[in-house]
>>> print(open('run_12.txt').read())   # compact mmCIF, C-alpha atoms
# COMPACT_ATOMS: atom_id res chain seq x y z
CA MET R 15 2.01 -11.08 10.92
CA THR R 16 0.70 -13.66 8.52
CA ALA R 17 -0.83 -11.11 6.14
CA GLU R 18 2.70 -10.05 5.14
CA THR R 19 3.88 -13.52 4.25
CA ASN R 20 0.75 -15.12 2.87
CA SER R 21 -1.37 -14.06 -0.07
CA ILE R 22 -4.08 -16.55 0.79
CA GLU R 23 -5.10 -18.24 4.04
CA VAL R 24 -7.83 -20.87 4.00
CA ARG R 25 -8.97 -22.35 7.30
CA ASN R 26 -11.28 -25.32 7.82
CA LEU R 27 -13.22 -24.69 4.61
CA GLN R 28 -16.32 -26.84 4.26
CA THR R 29 -18.64 -26.80 1.28
CA TYR R 30 -21.82 -28.67 0.55
CA TYR R 31 -23.81 -28.77 -2.68
CA GLY R 32 -27.15 -29.83 -1.20
CA SER R 33 -26.33 -32.89 0.86
CA ARG R 34 -23.10 -33.59 -1.04
CA HIS R 35 -19.99 -32.77 0.95
CA ILE R 36 -17.61 -31.24 -1.63
CA LEU R 37 -14.77 -29.68 0.38
CA LYS R 38 -13.91 -31.28 3.68
CA ASN R 39 -12.07 -29.12 6.18
CA VAL R 40 -9.59 -27.67 3.70
CA SER R 41 -6.82 -25.52 5.19
CA LEU R 42 -3.89 -24.08 3.27
CA ASP R 43 -1.69 -21.00 2.86
CA VAL R 44 -0.33 -19.49 -0.36
CA ARG R 45 2.83 -17.52 0.32
CA MET R 46 3.74 -14.21 -1.26
CA GLY R 47 5.56 -14.69 -4.56
CA GLU R 48 5.14 -18.44 -4.83
CA ILE R 49 3.60 -20.59 -7.52
CA PHE R 50 1.09 -22.77 -5.73
CA VAL R 51 -0.44 -25.60 -7.72
CA ILE R 52 -3.75 -27.15 -6.76
CA MET R 53 -3.75 -30.59 -8.29
CA GLY R 54 -6.27 -33.37 -8.33
CA GLY R 55 -8.37 -35.55 -10.56
CA SER R 56 -11.79 -34.73 -11.93
CA GLY R 57 -14.27 -34.29 -9.11
CA SER R 58 -11.56 -33.75 -6.50
CA GLY R 59 -12.98 -30.33 -5.60
CA LYS R 60 -10.26 -28.17 -7.13
CA THR R 61 -12.61 -26.03 -9.22
CA THR R 62 -14.87 -25.53 -6.21
CA LEU R 63 -11.86 -24.47 -4.18
CA LEU R 64 -10.82 -22.05 -6.92
CA ASN R 65 -14.31 -20.55 -7.01
CA HIS R 66 -14.08 -19.99 -3.26
CA LEU R 67 -10.71 -18.28 -3.62
CA LEU R 68 -12.20 -16.02 -6.28
CA GLY R 69 -15.03 -15.10 -3.94
CA LEU R 70 -17.63 -16.65 -6.25
CA LEU R 71 -18.93 -19.09 -3.61
CA ARG R 72 -19.66 -18.68 0.07
CA PRO R 73 -18.35 -21.47 2.28
CA SER R 74 -20.70 -23.53 4.41
CA SER R 75 -18.17 -22.93 7.17
CA GLY R 76 -14.54 -21.89 7.51
CA SER R 77 -12.71 -18.75 6.46
CA ILE R 78 -10.74 -17.45 3.47
CA ARG R 79 -8.38 -14.49 3.67
CA ILE R 80 -7.08 -13.02 0.41
CA LEU R 81 -4.30 -10.41 0.60
CA GLY R 82 -5.09 -9.95 4.26
CA ARG R 83 -8.87 -9.53 3.87
CA ASP R 84 -11.59 -11.98 4.89
CA VAL R 85 -13.44 -12.37 1.59
CA ASN R 86 -16.71 -13.19 3.30
CA ALA R 87 -16.60 -10.17 5.58
CA VAL R 88 -15.65 -7.41 3.14
CA THR R 89 -18.10 -4.81 1.88
CA PRO R 90 -19.01 -4.87 -1.84
CA LEU R 91 -16.71 -1.87 -2.37
CA GLU R 92 -13.83 -3.61 -0.59
CA LYS R 93 -14.49 -6.74 -2.62
CA GLN R 94 -14.29 -4.68 -5.80
CA GLU R 95 -10.99 -3.15 -4.66
CA LEU R 96 -9.67 -6.59 -3.76
CA ARG R 97 -10.59 -7.91 -7.18
CA THR R 98 -8.57 -5.20 -8.91
CA ARG R 99 -5.52 -6.75 -7.20
CA MET R 100 -6.36 -10.22 -8.51
CA GLY R 101 -6.19 -11.55 -12.05
CA VAL R 102 -7.90 -14.65 -13.37
CA ALA R 103 -7.14 -16.61 -16.53
CA PHE R 104 -10.14 -18.87 -16.99
CA GLN R 105 -9.85 -22.32 -18.50
CA SER R 106 -11.94 -21.41 -21.53
CA GLY R 107 -10.34 -17.98 -21.86
CA ALA R 108 -13.72 -16.31 -21.25
CA LEU R 109 -12.89 -13.60 -23.78
CA PHE R 110 -15.79 -11.46 -24.96
CA SER R 111 -16.50 -12.78 -28.44
CA SER R 112 -17.88 -9.44 -29.68
CA MET R 113 -14.72 -7.53 -28.76
CA SER R 114 -11.30 -7.58 -30.39
CA VAL R 115 -8.41 -9.16 -28.54
CA GLY R 116 -7.02 -5.71 -27.74
CA ASP R 117 -10.34 -4.45 -26.36
CA ASN R 118 -10.69 -7.61 -24.25
CA ILE R 119 -7.28 -7.00 -22.70
CA ALA R 120 -7.83 -3.26 -22.24
CA LEU R 121 -11.23 -3.76 -20.61
CA PRO R 122 -10.06 -3.95 -16.95
CA LEU R 123 -7.98 -0.79 -17.40
CA ARG R 124 -10.93 1.05 -18.94
CA GLU R 125 -13.29 -0.19 -16.22
CA HIS R 126 -11.11 0.29 -13.15
CA THR R 127 -8.59 3.07 -13.86
CA GLN R 128 -8.53 6.67 -15.00
CA LEU R 129 -5.54 6.08 -17.27
CA ASP R 130 -5.24 8.01 -20.51
CA GLU R 131 -6.25 6.05 -23.61
CA THR R 132 -2.69 6.32 -25.00
CA THR R 133 -1.33 4.67 -21.84
CA ILE R 134 -4.02 2.01 -21.97
CA GLY R 135 -3.07 1.26 -25.58
CA ILE R 136 0.63 0.93 -24.73
CA VAL R 137 -0.05 -1.27 -21.68
CA THR R 138 -2.35 -3.49 -23.74
CA ARG R 139 0.25 -3.96 -26.46
CA LEU R 140 2.96 -4.51 -23.82
CA LYS R 141 0.97 -7.38 -22.38
CA LEU R 142 0.47 -8.83 -25.84
CA GLU R 143 4.26 -8.67 -26.29
CA VAL R 144 4.74 -10.46 -22.97
CA VAL R 145 2.47 -13.34 -24.00
CA SER R 146 3.96 -13.45 -27.54
CA LEU R 147 0.81 -12.17 -29.26
CA ALA R 148 2.32 -8.94 -30.56
CA GLY R 149 0.28 -7.50 -33.41
CA PHE R 150 -2.84 -9.57 -32.70
CA GLU R 151 -4.83 -6.84 -30.97
CA ASP R 152 -7.22 -6.26 -33.87
CA LEU R 153 -8.19 -9.93 -34.28
CA MET R 154 -11.42 -11.29 -32.85
CA PRO R 155 -11.28 -14.18 -30.35
CA SER R 156 -12.89 -16.48 -32.93
CA GLU R 157 -9.81 -16.00 -35.12
CA LEU R 158 -7.42 -17.33 -32.46
CA SER R 159 -6.17 -20.88 -31.88
CA GLY R 160 -6.65 -22.59 -28.50
CA GLY R 161 -3.14 -21.70 -27.36
CA MET R 162 -3.55 -18.10 -28.47
CA ILE R 163 -6.83 -17.80 -26.55
CA LYS R 164 -5.06 -19.02 -23.41
CA ARG R 165 -2.34 -16.43 -23.96
CA ALA R 166 -4.82 -13.64 -24.58
CA ALA R 167 -6.68 -14.62 -21.41
CA LEU R 168 -3.41 -14.51 -19.52
CA ALA R 169 -2.64 -11.07 -20.97
CA ARG R 170 -6.01 -9.80 -19.75
CA ALA R 171 -5.45 -11.40 -16.34
CA ILE R 172 -2.17 -9.53 -15.85
CA VAL R 173 -3.11 -6.22 -17.43
CA MET R 174 -3.71 -4.61 -14.02
CA ASP R 175 -0.39 -6.01 -12.67
CA PRO R 176 -2.18 -8.06 -10.01
CA ARG R 177 -0.56 -9.16 -6.76
CA LEU R 178 -2.32 -12.49 -7.10
CA LEU R 179 -2.92 -14.40 -10.32
CA PHE R 180 -5.17 -17.44 -10.74
CA CYS R 181 -4.80 -19.75 -13.72
CA ASP R 182 -7.43 -22.42 -14.23
CA GLU R 183 -6.05 -25.31 -16.28
CA PRO R 184 -3.69 -23.05 -18.27
CA SER R 185 -2.33 -25.84 -20.43
CA ALA R 186 -5.41 -28.05 -20.80
CA GLY R 187 -6.09 -29.02 -24.38
CA LEU R 188 -2.81 -27.67 -25.71
CA ASP R 189 -0.07 -29.58 -27.47
CA PRO R 190 3.01 -30.26 -25.29
CA VAL R 191 5.17 -27.54 -26.84
CA VAL R 192 2.55 -24.82 -26.48
CA ALA R 193 1.70 -26.06 -22.98
CA SER R 194 5.35 -25.84 -22.01
CA SER R 195 5.58 -22.29 -23.34
CA ILE R 196 2.62 -21.30 -21.13
CA ASP R 197 4.47 -22.81 -18.16
CA ASP R 198 7.56 -20.75 -19.04
CA LEU R 199 5.41 -17.65 -19.23
CA ILE R 200 3.95 -18.30 -15.77
CA LEU R 201 7.46 -18.68 -14.36
CA ARG R 202 8.63 -15.46 -16.03
CA LEU R 203 5.63 -13.53 -14.73
CA ARG R 204 6.30 -14.60 -11.18
CA ASP R 205 10.01 -13.83 -11.42
CA ALA R 206 9.55 -10.42 -13.04
CA MET R 207 6.53 -9.15 -11.17
CA GLY R 208 6.78 -11.04 -7.89
CA MET R 209 3.14 -11.99 -7.99
CA SER R 210 1.72 -15.01 -6.21
CA ILE R 211 0.28 -17.44 -8.72
CA VAL R 212 -2.28 -20.13 -8.01
CA VAL R 213 -2.54 -22.71 -10.77
CA VAL R 214 -5.31 -25.27 -10.86
CA THR R 215 -4.37 -28.20 -13.03
CA HIS R 216 -4.34 -31.93 -13.43
CA ASP R 217 -1.27 -31.75 -15.69
CA LEU R 218 1.58 -33.49 -13.85
CA ASP R 219 4.38 -32.34 -16.16
CA SER R 220 3.27 -28.75 -15.84
CA THR R 221 2.91 -29.06 -12.08
CA PHE R 222 6.41 -30.37 -11.55
CA LYS R 223 7.86 -27.73 -13.84
CA ILE R 224 6.32 -24.64 -12.26
CA ALA R 225 5.26 -25.41 -8.70
CA ASP R 226 6.98 -24.15 -5.60
CA ARG R 227 4.44 -26.07 -3.56
CA ILE R 228 1.65 -28.43 -4.46
CA CYS R 229 -1.68 -29.10 -2.81
CA VAL R 230 -3.11 -32.45 -3.82
CA LEU R 231 -6.87 -32.59 -3.45
CA ASP R 232 -8.71 -35.88 -3.45
CA LYS R 233 -12.42 -36.31 -2.83
CA GLY R 234 -12.59 -32.84 -1.32
CA GLU R 235 -9.75 -33.35 1.15
CA VAL R 236 -6.19 -32.08 1.18
CA LEU R 237 -4.38 -35.35 0.60
CA ALA R 238 -0.93 -33.76 0.69
CA LEU R 239 0.64 -30.33 0.70
CA GLY R 240 4.33 -29.77 0.13
CA THR R 241 7.16 -29.02 -2.24
CA VAL R 242 7.62 -30.89 -5.51
CA ASP R 243 10.23 -33.12 -3.88
CA GLU R 244 8.03 -33.82 -0.88
CA ILE R 245 5.07 -34.78 -3.05
CA ARG R 246 7.22 -36.98 -5.29
CA ALA R 247 8.66 -38.71 -2.22
CA SER R 248 5.25 -39.32 -0.65
CA THR R 249 4.61 -42.93 0.25
CA SER R 250 0.85 -42.46 0.28
CA PRO R 251 -0.67 -44.99 -2.15
CA ARG R 252 -3.28 -42.44 -3.22
CA ILE R 253 -0.57 -39.90 -4.10
CA GLN R 254 1.44 -42.53 -5.93
CA ASN R 255 -1.67 -43.59 -7.85
CA LEU R 256 -2.18 -39.99 -8.92
CA LEU R 257 1.46 -39.48 -9.86
CA ASN R 258 1.61 -42.74 -11.78
CA ARG R 259 -1.77 -42.20 -13.40
CA ARG R 260 -3.15 -45.40 -11.90
CA THR R 261 -6.89 -45.53 -11.59
CA GLU R 262 -8.30 -46.22 -8.17
CA GLU R 263 -11.13 -48.66 -7.76
CA ALA R 264 -13.82 -46.89 -5.80
CA GLU R 265 -14.99 -48.76 -2.72
CA VAL R 266 -18.47 -50.17 -3.17
CA ASP R 267 -21.05 -49.57 -0.48
CA PRO R 268 -23.73 -52.10 -1.59
CA ASP R 269 -26.49 -50.37 0.35
CA ALA R 270 -25.76 -46.91 -1.07
CA TYR R 271 -25.19 -48.35 -4.53
CA LEU R 272 -28.57 -50.10 -4.60
CA ARG R 273 -30.34 -47.00 -3.29
CA ARG R 274 -28.74 -44.97 -6.10
CA LEU R 275 -29.81 -47.50 -8.73
CA MET R 276 -33.34 -47.52 -7.36
CA GLY R 277 -33.43 -43.74 -7.39
CA ILE R 278 -33.99 -43.55 -3.64
CA ARG R 279 -32.82 -40.23 -2.24
CA ASP R 280 -31.59 -39.56 1.28
CA GLY R 281 -34.63 -39.04 3.50
CA ASP R 282 -36.96 -41.03 1.23
CA GLU R 283 -38.90 -43.78 2.95
CA ASP R 284 -37.57 -47.29 2.39
CA GLU R 285 -39.20 -49.31 -0.31
CA PRO R 286 -41.30 -52.27 0.83
CA ARG R 287 -39.35 -55.50 1.22
CA GLY R 288 -41.20 -57.00 -1.69
CA LYS R 289 -44.46 -56.90 -3.54
CA ARG R 290 -46.49 -59.14 -5.77
CA LEU R 291 -46.24 -58.16 -9.40
CA MET O 10 6.63 7.96 -5.14
CA LYS O 11 9.09 10.86 -5.31
CA MET O 12 10.10 12.71 -8.45
CA GLU O 13 12.88 15.28 -8.63
CA THR O 14 14.31 17.12 -11.60
CA GLN O 15 17.76 18.61 -11.89
CA GLU O 16 19.37 20.61 -14.68
CA ARG O 17 22.75 19.30 -15.81
CA GLY O 18 23.79 21.67 -18.57
CA THR O 19 21.29 21.28 -21.37
CA THR O 20 20.08 17.96 -20.00
CA VAL O 21 17.33 17.39 -17.45
CA VAL O 22 17.83 14.54 -14.98
CA VAL O 23 14.53 13.18 -13.70
CA THR O 24 15.00 11.03 -10.59
CA LEU O 25 12.17 8.70 -9.70
CA ALA O 26 12.01 6.89 -6.36
CA GLY O 27 9.65 4.55 -4.56
CA GLU O 28 6.64 2.87 -6.16
CA ILE O 29 5.40 4.02 -9.54
CA ASP O 30 1.93 2.59 -9.91
CA LEU O 31 -1.46 3.42 -11.38
CA GLN O 32 -1.83 6.26 -8.93
CA HIS O 33 1.48 7.96 -9.73
CA SER O 34 2.25 7.12 -13.34
CA PRO O 35 0.01 9.90 -14.78
CA THR O 36 2.19 12.44 -12.92
CA VAL O 37 5.35 10.89 -14.34
CA ARG O 38 3.82 10.85 -17.80
CA ARG O 39 2.82 14.52 -17.61
CA GLN O 40 6.31 15.58 -16.44
CA LEU O 41 8.12 13.58 -19.11
CA MET O 42 5.82 14.63 -21.94
CA ASP O 43 6.19 18.29 -20.91
CA LEU O 44 9.96 17.86 -21.21
CA MET O 45 9.50 16.17 -24.58
CA PHE O 46 7.34 19.07 -25.72
CA GLU O 47 10.20 21.39 -24.76
CA GLN O 48 12.49 19.11 -26.80
CA ARG O 49 14.87 18.61 -23.86
CA ASP O 50 17.46 15.86 -23.52
CA VAL O 51 16.30 13.73 -20.59
CA LEU O 52 17.95 11.18 -18.32
CA VAL O 53 15.63 9.19 -16.06
CA ASP O 54 17.37 7.90 -12.95
CA LEU O 55 15.58 4.71 -11.84
CA SER O 56 18.12 3.62 -9.23
CA ARG O 57 15.71 4.16 -6.32
CA VAL O 58 12.59 2.70 -7.92
CA ALA O 59 11.31 -0.11 -5.73
CA TYR O 60 8.42 -0.99 -8.02
CA ILE O 61 7.16 0.16 -11.39
CA ASP O 62 3.96 -1.16 -12.92
CA SER O 63 2.98 -1.38 -16.56
CA SER O 64 1.42 2.08 -16.60
CA GLY O 65 4.74 3.50 -15.40
CA ILE O 66 6.60 1.59 -18.10
CA ALA O 67 4.06 2.88 -20.64
CA SER O 68 4.89 6.47 -19.61
CA LEU O 69 8.56 5.79 -20.28
CA VAL O 70 7.74 4.18 -23.64
CA GLU O 71 5.61 7.13 -24.75
CA ALA O 72 8.30 9.64 -23.75
CA TYR O 73 11.04 7.64 -25.45
CA GLN O 74 9.05 7.49 -28.67
CA ALA O 75 8.54 11.27 -28.52
CA ALA O 76 12.27 11.79 -27.94
CA ARG O 77 13.08 9.69 -30.98
CA LYS O 78 10.74 11.81 -33.07
CA ASN O 79 12.36 14.96 -31.69
CA ALA O 80 15.85 13.53 -32.17
CA THR O 81 16.58 14.34 -28.52
CA ARG O 82 18.18 12.04 -25.93
CA PHE O 83 16.14 9.92 -23.56
CA VAL O 84 18.20 7.54 -21.43
CA LEU O 85 17.24 5.32 -18.51
CA VAL O 86 19.98 5.45 -15.90
CA ALA O 87 20.97 2.99 -13.17
CA VAL O 88 17.83 0.94 -13.56
CA SER O 89 17.05 -0.79 -10.26
CA ALA O 90 16.70 -4.57 -10.22
CA PRO O 91 12.89 -4.56 -9.78
CA ALA O 92 12.47 -2.10 -12.66
CA MET O 93 14.89 -4.05 -14.84
CA ARG O 94 12.96 -7.28 -14.32
CA VAL O 95 9.79 -5.59 -15.60
CA LEU O 96 11.65 -4.13 -18.60
CA GLN O 97 13.14 -7.53 -19.40
CA LEU O 98 9.76 -9.26 -19.22
CA ALA O 99 8.66 -7.29 -22.27
CA ARG O 100 12.20 -7.21 -23.75
CA LEU O 101 12.24 -3.44 -23.39
CA ASP O 102 15.78 -3.62 -22.03
CA LYS O 103 16.68 -4.19 -25.71
CA VAL O 104 14.74 -1.10 -26.78
CA PHE O 105 15.57 1.72 -24.35
CA ALA O 106 18.89 3.50 -24.24
CA LEU O 107 20.43 2.51 -20.90
CA ALA O 108 23.37 3.84 -18.89
CA ASP O 109 24.94 2.79 -15.62
CA THR O 110 25.36 6.27 -14.15
CA VAL O 111 24.21 9.82 -14.81
CA ASP O 112 27.81 10.86 -15.50
CA ALA O 113 28.26 8.04 -17.99
CA ALA O 114 25.02 9.02 -19.72
CA LEU O 115 26.05 12.70 -19.85
CA ALA O 116 29.41 11.73 -21.32
CA GLY O 117 27.84 9.36 -23.83
>>> encode(input="run_12.txt", output="structure tokens")
Amino acid sequence: MTAETNSIEVRNLQTYYGSRHILKNVSLDVRMGEIFVIMGGSGSGKTTLLNHLLGLLRPSSGSIRILGRDVNAVTPLEKQELRTRMGVAFQSGALFSSMSVGDNIALPLREHTQLDETTIGIVTRLKLEVVSLAGFEDLMPSELSGGMIKRAALARAIVMDPRLLFCDEPSAGLDPVVASSIDDLILRLRDAMGMSIVVVTHDLDSTFKIADRICVLDKGEVLALGTVDEIRASTSPRIQNLLNRRTEEAEVDPDAYLRRLMGIRDGDEDEPRGKRL
Amino acid sequence: MKMETQERGTTVVVTLAGEIDLQHSPTVRRQLMDLMFEQRDVLVDLSRVAYIDSSGIASLVEAYQAARKNATRFVLVAVSAPAMRVLQLARLDKVFALADTVDAALAG
């Protein structure tokens, strides 16, 4: 029974934005209790894939099962219940600027549980302890540094003890020491709470430190999927370019290039071959 | 979740088993805080706890703080590996009084 071993199952996922093909037949599994890193350059489709996994986008075709449920077939109530078992730490933190750090973290508990306010307070402060922000609950988000915002966002993401945690670029924009401490925190969370963690990042150091398995996305396709050792050992030039931070020269399609420069969209009639000026 | 209480002299042994989550932690909290109100010495046997979430840990924290105010005993006994990992995550293993067995805790 796959639902017992996999937190996420994606099958043949296709996504279009208008006529642009963003995700091309993506299939992958995230196993229970593993740290699964989705890696790729800008424009590789990793944020689109994350938005699908969060149920924020509907696929053009294909299926996504989260914790055993087809996210595109669940009722709104079931979706709500599913979301209480998922935590998300957004890249920007996405903290409510008008609420204190403590109130931001307590919000999911106040919205989704009947817990006593004393318990909510203790759980909130426990999570702040876990992310090394003890005593910061009364500060406003505007008073936090970038690394502290990431930590507060992580505290809010885990406040409901989710089975599945998503981290979008958890170390982006942080200095190496702070970034490394976030990686350590992600590892400790998985080990202590047994949650599955999906990390979307383009940070190679972070990826190799925390990943059990890596999915490399490139131009909307799964270029490779495997353990850290398997990805490192890949002989694919595109993987090696990514790992060695070598830029890839995009192939030039002269016809498409000229049409873009001329502002001719797909379906537009061809311009005349020439005209007197 | 299962919760049993047993009198051992002047001490109450509360045995928790199974999964202590959002659904069950209010029951645990109520039981422990009632015992704190009665100013009883309490041992909490966690040897059969398969899972405890943060709300369950919060119930233990609140009861322990009340016991300290009352100057009564509150000891976590035979903490299972899953429960210990959660305590260690927040460094609460350095805060709670811990014992390996009920007998050791009673003798302590």
>>> residues_around(input="run_12.txt", residues="range 31-47 of chain R", least_positions_apart="2", cutoff="10 Å", atoms="all atoms listed in the file", output="PyMOL selection string")
chain R and resi 16-29+49-51+57-60+62-63+73-81+177-178+204-205+207-212+226-227+229+231-237+239+280
>>> closest_atom_pairs(input="run_12.txt", of="chain O", to="chain R", cutoff="7 Å", atoms="only C-alpha atoms", output="tab-separated table")
residue	atom	partner	partner_atom	distance
O:Asp62	CA	R:Asp175	CA	6.5
O:Ser63	CA	R:Val137	CA	6.0
O:Ser64	CA	R:Val137	CA	6.3
O:Ala67	CA	R:Ile136	CA	5.7
O:Ser68	CA	R:Thr133	CA	6.8
O:Arg94	CA	R:Ala206	CA	4.8
O:Val95	CA	R:Ala206	CA	5.5
O:Leu98	CA	R:Ala206	CA	6.3
O:Ala99	CA	R:Val144	CA	5.1
>>> closest_residue(input="run_12.txt", among="O:Ala59, O:Met93, O:Val111, O:Val70", to="Arg17 in chain O", atoms="only C-alpha atoms")
O:Val111
>>> closest_residue(input="run_12.txt", among="R:Gly54, R:Gly107, R:Pro90, R:Pro268", to="Ser156 in chain R", atoms="only C-alpha atoms")
R:Gly107
>>> residues_around(input="run_12.txt", residues="Ser220 in chain R", least_positions_apart="5", cutoff="9 Å", atoms="only C-alpha atoms", output="PyMOL selection string")
chain R and resi 185+193-194+197+215+225
>>> write_last_selection(input="run_12.txt", atoms="C-alpha atoms", output="short mmCIF file (atom, residue, chain, number, x, y, z; two decimals), in the coordinates of the input")
data_model
loop_
_atom_site.label_atom_id
_atom_site.label_comp_id
_atom_site.auth_asym_id
_atom_site.auth_seq_id
_atom_site.Cartn_x
_atom_site.Cartn_y
_atom_site.Cartn_z
CA SER R 185 -2.33 -25.84 -20.43
CA ALA R 193 1.70 -26.06 -22.98
CA SER R 194 5.35 -25.84 -22.01
CA ASP R 197 4.47 -22.81 -18.16
CA THR R 215 -4.37 -28.20 -13.03
CA ALA R 225 5.26 -25.41 -8.70
#
>>> residues_around(input="run_12.txt", residues="Val51 in chain O", least_positions_apart="2", cutoff="10 Å", atoms="all atoms listed in the file", output="ChimeraX atom specification")
/O:14,16-17,19-23,41,44-45,48-49,53-54,72-73,76,81-85,114-115
>>> atom_distance(input="run_12.txt", atom1="CA of Ile245 in chain R", atom2="CA of Arg259 in chain R")
14.5 Å
>>> atom_distance(input="run_12.txt", atom1="CA of Ser114 in chain R", atom2="CA of Pro184 in chain R")
21.1 Å
>>> residues_near_point(input="run_12.txt", point="(-1.3, -17.6, -29.7)", cutoff="12 Å", atoms="only C-alpha atoms", output="PyMOL selection string")
chain R and resi 107+115+142-151+153+155+157-169+188+192-193+195-196
>>> closest_residue(input="run_12.txt", among="R:Ser56, R:Leu67, R:Val214, R:Gly277", to="Met100 in chain R", atoms="only C-alpha atoms")
R:Leu67
>>> residues_near_point(input="run_12.txt", point="(-21.1, -10.9, -33.0)", cutoff="10 Å", atoms="only C-alpha atoms", output="list in words")
Phe110, Ser111, Ser112, Met113, Met154 and Ser156 of chain R
>>> atom_distance(input="run_12.txt", atom1="CA of Thr221 in chain R", atom2="CA of Ser248 in chain R")
15.5 Å
>>> residues_around(input="run_12.txt", residues="Asp109 in chain O", least_positions_apart="2", cutoff="8 Å", atoms="all atoms listed in the file", output="list in words")
Val86, Ala87, Val88, Leu107, Val111, Ala113 and Ala114 of chain O
>>> build_atoms(input="run_12.txt", residues="range 85-90 of chain O", atoms="all heavy atoms", output="short mmCIF file (atom, residue, chain, number, x, y, z; two decimals), in the coordinates of the input")
data_model
loop_
_atom_site.label_atom_id
_atom_site.label_comp_id
_atom_site.auth_asym_id
_atom_site.auth_seq_id
_atom_site.Cartn_x
_atom_site.Cartn_y
_atom_site.Cartn_z
N LEU O 85 17.55 5.84 -19.84
CA LEU O 85 17.24 5.32 -18.51
C LEU O 85 18.56 5.02 -17.81
O LEU O 85 19.42 4.32 -18.36
CB LEU O 85 16.40 4.04 -18.59
CG LEU O 85 15.07 4.15 -19.35
CD1 LEU O 85 14.30 2.83 -19.26
CD2 LEU O 85 14.21 5.31 -18.84
N VAL O 86 18.69 5.53 -16.59
CA VAL O 86 19.98 5.45 -15.90
C VAL O 86 19.86 4.61 -14.64
O VAL O 86 18.88 4.75 -13.88
CB VAL O 86 20.46 6.87 -15.54
CG1 VAL O 86 21.76 6.81 -14.74
CG2 VAL O 86 20.64 7.71 -16.79
N ALA O 87 20.86 3.77 -14.41
CA ALA O 87 20.97 2.99 -13.17
C ALA O 87 19.65 2.31 -12.81
O ALA O 87 19.14 2.46 -11.70
CB ALA O 87 21.44 3.89 -12.02
N VAL O 88 19.15 1.57 -13.76
CA VAL O 88 17.83 0.94 -13.56
C VAL O 88 17.90 -0.06 -12.40
O VAL O 88 18.75 -0.96 -12.41
CB VAL O 88 17.39 0.22 -14.85
CG1 VAL O 88 16.02 -0.41 -14.66
CG2 VAL O 88 17.37 1.20 -16.03
N SER O 89 17.05 0.11 -11.42
CA SER O 89 17.05 -0.79 -10.26
C SER O 89 16.65 -2.20 -10.69
O SER O 89 16.01 -2.40 -11.74
CB SER O 89 16.08 -0.28 -9.20
OG SER O 89 14.75 -0.38 -9.68
N ALA O 90 16.99 -3.17 -9.86
CA ALA O 90 16.70 -4.57 -10.22
C ALA O 90 15.20 -4.82 -10.42
O ALA O 90 14.82 -5.47 -11.42
CB ALA O 90 17.27 -5.50 -9.15
#
